[in-house]
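Source file: protein_5.pdb. Holds: PDB, C-alpha atoms.
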ATOM      1  CA  MET A  98     186.982 -99.204  89.442  1.00  0.00           C
ATOM      2  CA  GLN A  99     184.538-101.057  87.269  1.00  0.00           C
ATOM      3  CA  ILE A 100     184.373-100.204  83.584  1.00  0.00           C
ATOM      4  CA  ASN A 101     180.764 -99.828  82.464  1.00  0.00           C
ATOM      5  CA  LYS A 102     179.274-101.546  79.412  1.00  0.00           C
ATOM      6  CA  PHE A 103     179.270 -98.308  77.432  1.00  0.00           C
ATOM      7  CA  THR A 104     183.047 -98.042  77.853  1.00  0.00           C
ATOM      8  CA  ASP A 105     183.638-101.741  77.199  1.00  0.00           C
ATOM      9  CA  TYR A 106     181.581-101.723  74.013  1.00  0.00           C
ATOM     10  CA  GLY A 107     183.120 -98.414  72.925  1.00  0.00           C
ATOM     11  CA  PHE A 108     186.627 -99.822  73.147  1.00  0.00           C
ATOM     12  CA  ARG A 109     185.515-102.940  71.260  1.00  0.00           C
ATOM     13  CA  VAL A 110     184.245-100.735  68.418  1.00  0.00           C
ATOM     14  CA  LEU A 111     187.437 -98.660  68.388  1.00  0.00           C
ATOM     15  CA  ILE A 112     189.699-101.698  68.309  1.00  0.00           C
ATOM     16  CA  TYR A 113     187.633-103.393  65.605  1.00  0.00           C
ATOM     17  CA  LEU A 114     187.590-100.272  63.430  1.00  0.00           C
ATOM     18  CA  ALA A 115     191.309 -99.708  64.001  1.00  0.00           C
ATOM     19  CA  ARG A 116     192.015-103.207  62.689  1.00  0.00           C
ATOM     20  CA  GLN A 117     189.626-102.752  59.747  1.00  0.00           C
ATOM     21  CA  GLN A 118     190.603 -99.288  58.530  1.00  0.00           C
ATOM     22  CA  GLU A 119     190.471-100.073  54.841  1.00  0.00           C
ATOM     23  CA  CYS A 120     186.663 -99.936  54.669  1.00  0.00           C
ATOM     24  CA  THR A 121     183.645 -98.279  56.213  1.00  0.00           C
ATOM     25  CA  HIS A 122     181.184-100.160  58.379  1.00  0.00           C
ATOM     26  CA  THR A 123     177.540 -99.882  59.304  1.00  0.00           C
ATOM     27  CA  ILE A 124     175.924-100.191  62.708  1.00  0.00           C
ATOM     28  CA  ALA A 125     174.412-103.476  61.536  1.00  0.00           C
ATOM     29  CA  SER A 126     177.765-104.909  60.445  1.00  0.00           C
ATOM     30  CA  LEU A 127     179.437-103.809  63.684  1.00  0.00           C
ATOM     31  CA  ALA A 128     176.620-105.344  65.724  1.00  0.00           C
ATOM     32  CA  LYS A 129     176.994-108.624  63.879  1.00  0.00           C
ATOM     33  CA  GLN A 130     180.799-108.754  64.104  1.00  0.00           C
ATOM     34  CA  LEU A 131     180.971-107.707  67.762  1.00  0.00           C
ATOM     35  CA  HIS A 132     177.827-109.550  68.914  1.00  0.00           C
ATOM     36  CA  LEU A 133     176.326-106.361  70.340  1.00  0.00           C
ATOM     37  CA  SER A 134     172.908-104.735  70.228  1.00  0.00           C
ATOM     38  CA  GLN A 135     172.368-102.248  67.412  1.00  0.00           C
ATOM     39  CA  ASN A 136     170.527 -99.979  69.860  1.00  0.00           C
ATOM     40  CA  HIS A 137     173.584 -99.818  72.124  1.00  0.00           C
ATOM     41  CA  LEU A 138     175.887 -99.225  69.177  1.00  0.00           C
ATOM     42  CA  VAL A 139     173.855 -96.285  67.871  1.00  0.00           C
ATOM     43  CA  LYS A 140     174.395 -94.454  71.172  1.00  0.00           C
ATOM     44  CA  ILE A 141     178.063 -95.427  71.410  1.00  0.00           C
ATOM     45  CA  VAL A 142     178.902 -94.505  67.811  1.00  0.00           C
ATOM     46  CA  HIS A 143     177.060 -91.186  68.176  1.00  0.00           C
ATOM     47  CA  PHE A 144     179.047 -90.402  71.338  1.00  0.00           C
ATOM     48  CA  MET A 145     182.376 -91.289  69.701  1.00  0.00           C
ATOM     49  CA  ALA A 146     181.517 -89.263  66.595  1.00  0.00           C
ATOM     50  CA  LYS A 147     180.866 -86.249  68.856  1.00  0.00           C
ATOM     51  CA  GLN A 148     184.349 -86.786  70.345  1.00  0.00           C
ATOM     52  CA  GLN A 149     185.670 -86.828  66.738  1.00  0.00           C
ATOM     53  CA  TRP A 150     187.065 -90.314  67.277  1.00  0.00           C
ATOM     54  CA  LEU A 151     184.929 -91.636  64.419  1.00  0.00           C
ATOM     55  CA  ILE A 152     183.929 -90.291  61.047  1.00  0.00           C
ATOM     56  CA  THR A 153     180.355 -91.051  60.090  1.00  0.00           C
ATOM     57  CA  SER A 154     178.546 -90.393  56.847  1.00  0.00           C
ATOM     58  CA  ARG A 155     174.980 -91.082  55.797  1.00  0.00           C
ATOM     59  CA  GLY A 156     173.545 -92.367  52.570  1.00  0.00           C
ATOM     60  CA  LYS A 157     174.738 -94.701  49.893  1.00  0.00           C
ATOM     61  CA  GLY A 158     178.429 -95.409  50.343  1.00  0.00           C
ATOM     62  CA  GLY A 159     178.301 -93.963  53.839  1.00  0.00           C
ATOM     63  CA  GLY A 160     179.234 -95.639  57.058  1.00  0.00           C
ATOM     64  CA  ILE A 161     181.525 -95.482  60.046  1.00  0.00           C
ATOM     65  CA  ARG A 162     185.281 -95.386  60.130  1.00  0.00           C
ATOM     66  CA  LEU A 163     187.975 -94.492  62.604  1.00  0.00           C
ATOM     67  CA  ALA A 164     189.417 -90.987  62.445  1.00  0.00           C
ATOM     68  CA  GLU A 165     193.156 -91.339  61.811  1.00  0.00           C
ATOM     69  CA  SER A 166     194.055 -89.155  64.797  1.00  0.00           C
ATOM     70  CA  THR A 167     192.194 -91.525  67.138  1.00  0.00           C
ATOM     71  CA  LEU A 168     195.022 -94.063  66.850  1.00  0.00           C
ATOM     72  CA  ASP A 169     197.311 -91.668  68.708  1.00  0.00           C
ATOM     73  CA  LEU A 170     194.949 -90.799  71.557  1.00  0.00           C
ATOM     74  CA  PRO A 171     196.066 -91.900  75.039  1.00  0.00           C
ATOM     75  CA  LEU A 172     194.004 -94.754  76.459  1.00  0.00           C
ATOM     76  CA  GLY A 173     193.635 -93.085  79.861  1.00  0.00           C
ATOM     77  CA  GLU A 174     192.028 -89.988  78.380  1.00  0.00           C
ATOM     78  CA  MET A 175     189.733 -92.112  76.254  1.00  0.00           C
ATOM     79  CA  LEU A 176     188.721 -94.167  79.281  1.00  0.00           C
ATOM     80  CA  ARG A 177     188.124 -91.003  81.331  1.00  0.00           C
ATOM     81  CA  THR A 178     185.945 -89.600  78.533  1.00  0.00           C
ATOM     82  CA  PHE A 179     183.899 -92.798  78.290  1.00  0.00           C
ATOM     83  CA  GLN A 180     183.472 -93.176  82.039  1.00  0.00           C
ATOM     84  CA  GLY A 181     182.754 -89.527  82.820  1.00  0.00           C
ATOM     85  CA  ASN A 182     183.779 -87.975  86.102  1.00  0.00           C
ATOM     86  CA  GLU A 183     181.914 -90.251  88.461  1.00  0.00           C
ATOM     87  CA  PRO A 184     183.775 -90.486  91.764  1.00  0.00           C
ATOM     88  CA  LEU A 185     184.695 -93.905  93.120  1.00  0.00           C
ATOM     89  CA  VAL A 186     183.313 -92.915  96.518  1.00  0.00           C
ATOM     90  CA  ASN A 187     180.503 -90.441  97.108  1.00  0.00           C
ATOM     91  CA  CYS A 188     180.773 -89.024 100.635  1.00  0.00           C
ATOM     92  CA  VAL A 189     178.031 -86.431 100.104  1.00  0.00           C
ATOM     93  CA  SER A 190     174.923 -88.410  99.178  1.00  0.00           C
ATOM     94  CA  PRO A 191     174.078 -89.890 101.539  1.00  0.00           C
ATOM     95  CA  LYS A 192     176.248 -87.731 103.779  1.00  0.00           C
ATOM     96  CA  CYS A 193     178.945 -89.745 105.508  1.00  0.00           C
ATOM     97  CA  GLY A 194     179.461 -89.045 109.190  1.00  0.00           C
ATOM     98  CA  LEU A 195     183.095 -90.161 108.924  1.00  0.00           C
ATOM     99  CA  GLN A 196     184.038 -87.600 106.304  1.00  0.00           C
ATOM    100  CA  ALA A 197     186.110 -85.390 108.650  1.00  0.00           C
ATOM    101  CA  GLN A 198     188.254 -88.316 109.912  1.00  0.00           C
ATOM    102  CA  CYS A 199     188.484 -90.400 106.728  1.00  0.00           C
ATOM    103  CA  GLN A 200     191.072 -90.265 103.946  1.00  0.00           C
ATOM    104  CA  LEU A 201     189.625 -93.110 101.847  1.00  0.00           C
ATOM    105  CA  LYS A 202     188.083 -90.842  99.178  1.00  0.00           C
ATOM    106  CA  HIS A 203     191.334 -88.910  98.812  1.00  0.00           C
ATOM    107  CA  LEU A 204     193.370 -92.142  98.514  1.00  0.00           C
ATOM    108  CA  LEU A 205     190.978 -93.656  95.961  1.00  0.00           C
ATOM    109  CA  ASP A 206     190.890 -90.443  93.912  1.00  0.00           C
ATOM    110  CA  ASN A 207     194.708 -90.435  93.811  1.00  0.00           C
ATOM    111  CA  ALA A 208     194.815 -94.128  92.843  1.00  0.00           C
ATOM    112  CA  LEU A 209     192.295 -93.535  90.055  1.00  0.00           C
ATOM    113  CA  GLU A 210     194.346 -90.627  88.723  1.00  0.00           C
ATOM    114  CA  GLN A 211     197.481 -92.807  88.723  1.00  0.00           C
ATOM    115  CA  PHE A 212     195.512 -95.497  86.868  1.00  0.00           C
ATOM    116  CA  TYR A 213     194.551 -92.997  84.147  1.00  0.00           C
ATOM    117  CA  GLN A 214     198.110 -91.661  83.949  1.00  0.00           C
ATOM    118  CA  ASN A 215     199.498 -95.174  83.585  1.00  0.00           C
ATOM    119  CA  LEU A 216     197.118 -95.863  80.697  1.00  0.00           C
ATOM    120  CA  ASN A 217     198.038 -92.526  79.123  1.00  0.00           C
ATOM    121  CA  GLN A 218     201.458 -93.996  78.338  1.00  0.00           C
ATOM    122  CA  TYR A 219     199.786 -96.048  75.601  1.00  0.00           C
ATOM    123  CA  PRO A 220     197.912 -94.816  72.542  1.00  0.00           C
ATOM    124  CA  LEU A 221     195.137 -96.858  70.928  1.00  0.00           C
ATOM    125  CA  ARG A 222     197.668 -97.787  68.232  1.00  0.00           C
ATOM    126  CA  LYS A 223     199.573 -99.843  70.826  1.00  0.00           C
ATOM    127  CA  VAL A 224     196.505-101.993  71.577  1.00  0.00           C
ATOM    128  CA  ILE A 225     196.180-103.125  67.963  1.00  0.00           C
ATOM    129  CA  SER A 226     199.858-103.633  67.199  1.00  0.00           C
ATOM    130  CA  ASN A 227     200.753-106.845  65.344  1.00  0.00           C
ATOM    131  CA  HIS A 228     204.490-106.389  65.786  1.00  0.00           C
ATOM    132  CA  SER A 229     206.026-108.310  68.659  1.00  0.00           C
ATOM    133  CA  GLN A 230     208.426-105.462  69.497  1.00  0.00           C
ATOM    134  CA  ASP A 231     205.461-103.060  69.777  1.00  0.00           C
ATOM    135  CA  ARG A 232     203.436-105.248  72.131  1.00  0.00           C
ATOM    136  CA  ILE A 233     203.064-104.151  75.700  1.00  0.00           C
ATOM    137  CA  ASN A 234     204.875-106.460  78.080  1.00  0.00           C
ATOM    138  CA  PHE A 235     202.087-107.031  80.593  1.00  0.00           C
ATOM    139  CA  ILE A 236     204.079-109.686  82.451  1.00  0.00           C
ATOM    140  CA  SER A 237     206.362-106.972  83.782  1.00  0.00           C
ATOM    141  CA  TYR A 238     203.339-105.424  85.526  1.00  0.00           C
ATOM    142  CA  LEU A 239     202.389-108.605  87.399  1.00  0.00           C
TER     143      LEU A 239
END

Show me the file's structure as structure tokens.
Amino acid sequence: MQINKFTDYGFRVLIYLARQQECTHTIASLAKQLHLSQNHLVKIVHFMAKQQWLITSRGKGGGIRLAESTLDLPLGEMLRTFQGNEPLVNCVSPKCGLQAQCQLKHLLDNALEQFYQNLNQYPLRKVISNHSQDRINFISYL
């Protein structure tokens, strides 16, 4: 699985906003801090606001901030939402002549589901933790 730029940039915004919860931010300030295009960020922020992951307000004193409940969302579900339901293997277009004898799509679909379920063990809050006891021990996964 390859994470697309939309997903990558979306997680960058979420992590940045989660670490900077005390104030609101603008698209311009996010673009500057994260070294991303404002045009990309407009689309990403709009998408995340529709998911109710972000709170946005217009006008003077407005801006973008993380919805408090977003910190408790499972990473796997967030990743699935960002990525959409694109299959890893498309056996239909163009039609694969091996489809009747091949289990690759089934195996990859199962592996992808296990990947999402593994990530679902961790909420966004875990990614931004400053406490050593709260950090994920990635070495145990190697």

For CA of Leu216 (chain A) and CA of Met175 (chain A), quote the distance in Å rounded to one decimal. 9.4 Å

Could you tell me which residues the PyMOL selection byres ((chain A and resi 116-122) around 7) grabs in this file, written as a VMD selection string? chain A and resid 112 to 115 123 to 124 126 to 127 160 to 163 225

For Ser166 (chain A), work out the shell of residues within 12 Å, counting only C-alpha atoms and skipping chain neighbours fewer than 6 positions away, then give it as a short mmCIF file (atom, residue, chain, number, x, y, z; two decimals) with C-alpha atoms, keeping the file's coordinate frame.
data_model
loop_
_atom_site.label_atom_id
_atom_site.label_comp_id
_atom_site.auth_asym_id
_atom_site.auth_seq_id
_atom_site.Cartn_x
_atom_site.Cartn_y
_atom_site.Cartn_z
CA ALA A 115 191.31 -99.71 64.00
CA GLN A 148 184.35 -86.79 70.34
CA GLN A 149 185.67 -86.83 66.74
CA TRP A 150 187.06 -90.31 67.28
CA LEU A 151 184.93 -91.64 64.42
CA ILE A 152 183.93 -90.29 61.05
CA PRO A 220 197.91 -94.82 72.54
CA LEU A 221 195.14 -96.86 70.93
CA ARG A 222 197.67 -97.79 68.23
#

Nearest-residue call for Leu185 (chain A), choices A:Leu133, A:Gln99, A:Cys199, A:Asn215, using only C-alpha atoms: A:Gln99

Just so the selection is clear, what residues does the PyMOL selection byres ((chain A and resi 139) around 12) cover here, as a PDB file with C-alpha atoms, in the frame of the given file?
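Writing done, so here's part.pdb:
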ATOM      1  CA  PHE A 103     179.270 -98.308  77.432  1.00  0.00           C
ATOM      2  CA  TYR A 106     181.581-101.723  74.013  1.00  0.00           C
ATOM      3  CA  GLY A 107     183.120 -98.414  72.925  1.00  0.00           C
ATOM      4  CA  VAL A 110     184.245-100.735  68.418  1.00  0.00           C
ATOM      5  CA  THR A 123     177.540 -99.882  59.304  1.00  0.00           C
ATOM      6  CA  ILE A 124     175.924-100.191  62.708  1.00  0.00           C
ATOM      7  CA  ALA A 125     174.412-103.476  61.536  1.00  0.00           C
ATOM      8  CA  LEU A 127     179.437-103.809  63.684  1.00  0.00           C
ATOM      9  CA  ALA A 128     176.620-105.344  65.724  1.00  0.00           C
ATOM     10  CA  LEU A 133     176.326-106.361  70.340  1.00  0.00           C
ATOM     11  CA  SER A 134     172.908-104.735  70.228  1.00  0.00           C
ATOM     12  CA  GLN A 135     172.368-102.248  67.412  1.00  0.00           C
ATOM     13  CA  ASN A 136     170.527 -99.979  69.860  1.00  0.00           C
ATOM     14  CA  HIS A 137     173.584 -99.818  72.124  1.00  0.00           C
ATOM     15  CA  LEU A 138     175.887 -99.225  69.177  1.00  0.00           C
ATOM     16  CA  LYS A 140     174.395 -94.454  71.172  1.00  0.00           C
ATOM     17  CA  ILE A 141     178.063 -95.427  71.410  1.00  0.00           C
ATOM     18  CA  VAL A 142     178.902 -94.505  67.811  1.00  0.00           C
ATOM     19  CA  HIS A 143     177.060 -91.186  68.176  1.00  0.00           C
ATOM     20  CA  PHE A 144     179.047 -90.402  71.338  1.00  0.00           C
ATOM     21  CA  MET A 145     182.376 -91.289  69.701  1.00  0.00           C
ATOM     22  CA  ALA A 146     181.517 -89.263  66.595  1.00  0.00           C
ATOM     23  CA  THR A 153     180.355 -91.051  60.090  1.00  0.00           C
ATOM     24  CA  ILE A 161     181.525 -95.482  60.046  1.00  0.00           C
TER      25      ILE A 161
END

So which residues touch Cys188 (chain A) within 10 Å, counting all atoms listed in the file, skipping near sequence neighbours fewer than 6 positions away, as a list in words? Gly194, Leu195, Gln196, Cys199, Leu201 and Lys202 of chain A

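Residues selected in this file by the PyMOL selection byres ((chain A and resi 98) around 10) comprise Gln99, Ile100, Asn101, Pro184, Leu185, Leu205, Ala208, Leu209 and Phe212 of chain A.
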
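Distances here use only C-alpha atoms; by that measure, the residue among A:Asp206, A:Leu131, A:Gln214, A:Gly158 closest to Glu183 (chain A) is A:Asp206.
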
Which residues, protein or nucleic acid, reach to within 10 Å of (195.0, -90.1, 80.5) in the file's coordinates when using only C-alpha atoms, and can you give that as a ChimeraX atom specification? /A:170-178,210-220

Enter the distance from CA of Lys102 (chain A) to CA of Ser226 (chain A), in Å, rounded to one decimal.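 Atom-to-atom, CA of Lys102 (chain A) and CA of Ser226 (chain A) are spaced 24.0 Å apart.
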
As an exercise, work out the distance from CA of Lys147 (chain A) to CA of Leu168 (chain A) in Å and give it to one decimal place.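 That distance, rounded to one decimal, is 16.3 Å.
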
Which residue gives the smallest distance to Asp169 (chain A) among A:Gln200, A:Pro191, A:His132, A:Lys223, with all atoms listed in the file counted?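 The answer is A:Lys223, which sits nearest to Asp169 (chain A).
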